[in-house]
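Visitor: Please see the structure below; I have some questions.
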Amino acid sequence: MAHNMKRNPFSGTGKVFSFTLRQTIFSKGWLTSTIVVAVLLIVGIPLILFGVSKAAEKDSDKKTADAVETVYVTDETEGEADYSVLKQTGSYENVSYIACSSMDEAIQSSTEDSNAVILRVAKPGGSYALTVYLPVGTAVSRSKASSFGSFVEKNFAAVLMQKADMTQEDVLLLSMPVVTETASVSDKPQEDDAEQDTMAKVLGMVVPFMAAMTVYMMVVLYGQSMSNSVMLEKSSKLMETILTAVHPFALMLGKLLATACAAVVQIVIWLFALIGGIIGGIGFALRMVPDTGSETVLMLDAATKSMGSISVAGVFASVIVLAIGFLLYLTVATVSGALASKTEDLNKTNVIYALVIVASLLLCLRPEVNEVSDNARLLSGDLWLRFFPFTAVLVLPSDLILGKIGLLTGIGAIVLMIAAVGLMVWLAATIYKMMVLYRGTPPTPKRLIAMLKEEREHKKNPPQADS
């Protein structure tokens, strides 16, 4: 075995890779999960969006059916007023106001009007009294009538201005609504309109979230599998035989690349199915329900139309970052598997990569993530997060897609991630070889460091054969 350990550490990587990849991709579980999830995304998303659109259409029809469209006004107070002035307040703009001389006339006129109410204005004492009546046969609900009454009460000053013989221009000026909004000063305000700015904020929230969740899902799905794959060879006592033919570095690297390749292929298929399902679902929903009021469908439609602001080169680079980052997290799972001697030990050693994932995500989150911000960012903008390999995979993809960082910064971060992958593979291979004859509970970090030092000293000063 000692002779083989001095061979090229990459020797045998291809054989391990091809064997592990075939075993993974052609397994029943991998094929079934890939096909089932892809079909559910392609078929399920359009059906969901169609259902949401139909529900929104029914809700819109219901609101229209019981909405107030005609108001028969009986004003029993002094002074004349045109109640159509209430349209100028910004609400109930499509309502028609019809003046009636008495309640009997209003009741008779509203009998065949399914969307009508009667507004009676009186002054029994020192204040005005407004009463909204529901005519017989009206489809207007009591809650809608009550809401209309609150609207009239709030804006009744416009009517009183007319009763005070103010001119129409004065009435319109005093009753004109005022809209207040908050905006930030931009260096190039002419290039961005309100809709583009809103969609940029949406993408700034969605893209980082999707990138982080993609990595998290991949690690959760394949991290345990990677640890089991490394550990099972120990429990089946095949490790000693394997190490006589393959260098431990090549063994770890081959398994790692095969598992990562199978994961990337599966996730890419799911992503294409997701994108196809969303785009096809939007088209299907809008075609079947053209006048949908669903905010979800309309927002997704606007987002797909705003994809022109996304960098194609950035998307390609972000895919590379995600692949390398996933590889990096898998190396942590590989180390966990190398530390375990039996299945029971994995429950302890897998805590390592679970803590690494959680800690990395917490480091990336903005401290003020729950506060309202003009930037609307989910992840922190600190530069060091782009160069720390375990956080770079969560932060870089969104920055590259949205074009927030330069090419050199991205290349530098990718190089550091590749170096970290190589270092972690070496660590896993070293631990794997050290644990050949180790039995018992997984070593503590202190004991593991001591074993690594002993291994290093053993290589520097190998034992001399007796003469």
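Just so we're on the same page: first chain in the structure tokens is A, next is B, and so on; residues restart at 1 for each chain, and ligands are numbered from 1 in the order they show up.
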Near segment 149-151 of chain A, counting only C-alpha atoms, which residues have an atom at most 12 Å away, once you skip same-chain residues fewer than 2 positions from it, shown as a ChimeraX atom specification?
Guide: /A:68,71,86-87,89-93,117-121,129-134,142-147,153-158
Visitor: Given the selection you just returned, output its residues as a file containing N, CA and C atoms, formatted as a tab-separated table (two decimals), in the first residue's frame.
Guide:
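To be explicit, this is the file written out as out.tsv:
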chain	number	residue	atom	x	y	z
A	68	VAL	N	-71.30	49.38	-6.08
A	68	VAL	CA	-72.24	50.50	-6.22
A	68	VAL	C	-71.97	51.20	-7.55
A	71	VAL	N	-76.32	55.94	-7.68
A	71	VAL	CA	-76.76	56.48	-6.39
A	71	VAL	C	-77.90	57.45	-6.64
A	86	LEU	N	-68.29	64.41	-6.09
A	86	LEU	CA	-67.59	63.38	-5.31
A	86	LEU	C	-66.68	62.53	-6.18
A	87	LYS	N	-66.94	62.54	-7.51
A	87	LYS	CA	-66.07	61.78	-8.41
A	87	LYS	C	-64.66	62.35	-8.46
A	89	THR	N	-62.80	63.15	-6.09
A	89	THR	CA	-61.98	62.82	-4.92
A	89	THR	C	-61.06	61.63	-5.16
A	90	GLY	N	-61.21	60.96	-6.30
A	90	GLY	CA	-60.31	59.84	-6.61
A	90	GLY	C	-60.89	58.48	-6.33
A	91	SER	N	-62.09	58.39	-5.77
A	91	SER	CA	-62.73	57.11	-5.49
A	91	SER	C	-64.14	57.12	-6.06
A	92	TYR	N	-64.65	55.93	-6.33
A	92	TYR	CA	-65.99	55.78	-6.89
A	92	TYR	C	-66.17	56.68	-8.11
A	93	GLU	N	-65.18	56.65	-9.01
A	93	GLU	CA	-65.20	57.55	-10.17
A	93	GLU	C	-66.26	57.15	-11.19
A	117	VAL	N	-78.04	52.23	-4.89
A	117	VAL	CA	-78.36	52.53	-3.50
A	117	VAL	C	-79.02	53.89	-3.46
A	118	ILE	N	-79.66	54.18	-2.35
A	118	ILE	CA	-80.31	55.48	-2.16
A	118	ILE	C	-79.56	56.22	-1.06
A	119	LEU	N	-79.18	57.46	-1.36
A	119	LEU	CA	-78.51	58.30	-0.37
A	119	LEU	C	-79.46	59.40	0.07
A	120	ARG	N	-79.81	59.37	1.34
A	120	ARG	CA	-80.70	60.39	1.89
A	120	ARG	C	-79.90	61.33	2.76
A	121	VAL	N	-80.01	62.63	2.46
A	121	VAL	CA	-79.28	63.66	3.21
A	121	VAL	C	-80.29	64.51	3.96
A	129	ALA	N	-77.14	64.45	8.51
A	129	ALA	CA	-77.30	63.01	8.70
A	129	ALA	C	-77.35	62.35	7.32
A	130	LEU	N	-76.43	61.41	7.08
A	130	LEU	CA	-76.37	60.70	5.80
A	130	LEU	C	-76.82	59.26	6.03
A	131	THR	N	-77.76	58.80	5.24
A	131	THR	CA	-78.27	57.44	5.36
A	131	THR	C	-78.25	56.78	3.99
A	132	VAL	N	-77.67	55.59	3.93
A	132	VAL	CA	-77.61	54.82	2.68
A	132	VAL	C	-78.62	53.68	2.79
A	133	TYR	N	-79.57	53.65	1.87
A	133	TYR	CA	-80.62	52.62	1.85
A	133	TYR	C	-80.34	51.61	0.74
A	134	LEU	N	-80.65	50.36	1.02
A	134	LEU	CA	-80.54	49.30	0.02
A	134	LEU	C	-81.92	49.06	-0.58
A	142	ARG	N	-74.51	44.76	2.01
A	142	ARG	CA	-74.58	45.74	3.08
A	142	ARG	C	-73.20	46.33	3.38
A	143	SER	N	-72.16	45.50	3.27
A	143	SER	CA	-70.80	46.00	3.54
A	143	SER	C	-70.37	47.01	2.49
A	144	LYS	N	-70.73	46.76	1.21
A	144	LYS	CA	-70.38	47.71	0.15
A	144	LYS	C	-71.15	49.03	0.34
A	145	ALA	N	-72.40	48.93	0.74
A	145	ALA	CA	-73.17	50.14	0.99
A	145	ALA	C	-72.60	50.93	2.16
A	146	SER	N	-72.16	50.22	3.18
A	146	SER	CA	-71.56	50.88	4.34
A	146	SER	C	-70.26	51.57	3.96
A	147	SER	N	-69.46	50.90	3.11
A	147	SER	CA	-68.21	51.51	2.65
A	147	SER	C	-68.48	52.77	1.85
A	153	GLU	N	-69.34	60.38	3.68
A	153	GLU	CA	-69.12	61.14	4.92
A	153	GLU	C	-67.75	61.80	4.95
A	154	LYS	N	-66.75	61.09	4.49
A	154	LYS	CA	-65.39	61.62	4.50
A	154	LYS	C	-65.23	62.79	3.54
A	155	ASN	N	-65.93	62.74	2.40
A	155	ASN	CA	-65.75	63.75	1.37
A	155	ASN	C	-66.96	64.69	1.24
A	156	PHE	N	-67.81	64.75	2.28
A	156	PHE	CA	-69.03	65.56	2.21
A	156	PHE	C	-68.71	67.05	2.19
A	157	ALA	N	-67.50	67.41	2.54
A	157	ALA	CA	-67.12	68.83	2.52
A	157	ALA	C	-67.22	69.40	1.11
A	158	ALA	N	-66.97	68.56	0.10
A	158	ALA	CA	-67.07	69.03	-1.28
A	158	ALA	C	-68.51	69.43	-1.62
Visitor: Which residues, written as a compact mmCIF listing (two decimals) with C-alpha atoms, in the first residue's frame, have at least one atom at most 9 Å from Leu394 of chain A, with only C-alpha atoms counted and residues fewer than 5 positions away on the same chain left out?
Guide:
# COMPACT_ATOMS: atom_id res chain seq x y z
CA PRO A 208 -30.41 36.06 -4.31
CA PHE A 209 -33.12 34.04 -2.59
CA ALA A 211 -29.57 31.22 -5.69
CA ALA A 212 -29.24 30.56 -1.96
CA MET A 213 -32.16 28.13 -1.91
CA VAL A 215 -27.47 25.64 -3.25
CA LEU A 322 -23.09 27.53 -8.16
CA GLY A 325 -19.84 26.22 -4.55
CA SER A 360 -22.61 30.71 5.92
CA LEU A 361 -26.23 31.72 5.28
CA CYS A 364 -24.68 36.57 4.25
CA LEU A 379 -28.05 39.52 1.22
CA LEU A 385 -18.28 37.81 1.55
CA ARG A 386 -17.46 37.62 -2.18
Visitor: Can you measure atom CA of Gln224 of chain A to atom CA of Asn350 of chain A for me? One decimal in Å is fine.
Guide: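 Between these atoms lies a distance of 7.6 Å.
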Visitor: Report the distance between atom CA of Val37 of chain A and atom CA of Cys261 of chain A in Å, rounded to one decimal place.
Guide: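 Between atom CA of Val37 of chain A and atom CA of Cys261 of chain A the gap is 18.2 Å.
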Visitor: Counting only C-alpha atoms, what are the residues of segment 340-413 of chain A within 7 Å of segment 431-455 of chain A, and for each of them which pair of atoms is the nearest and at what distance in Å, to one decimal? Sort the table by chain and rising number, as a tab-separated table.
Guide:
residue	atom	partner	partner_atom	distance
A:Ala340	CA	A:Pro442	CA	5.8
A:Ser341	CA	A:Arg439	CA	6.5
A:Asp345	CA	A:Pro442	CA	6.7
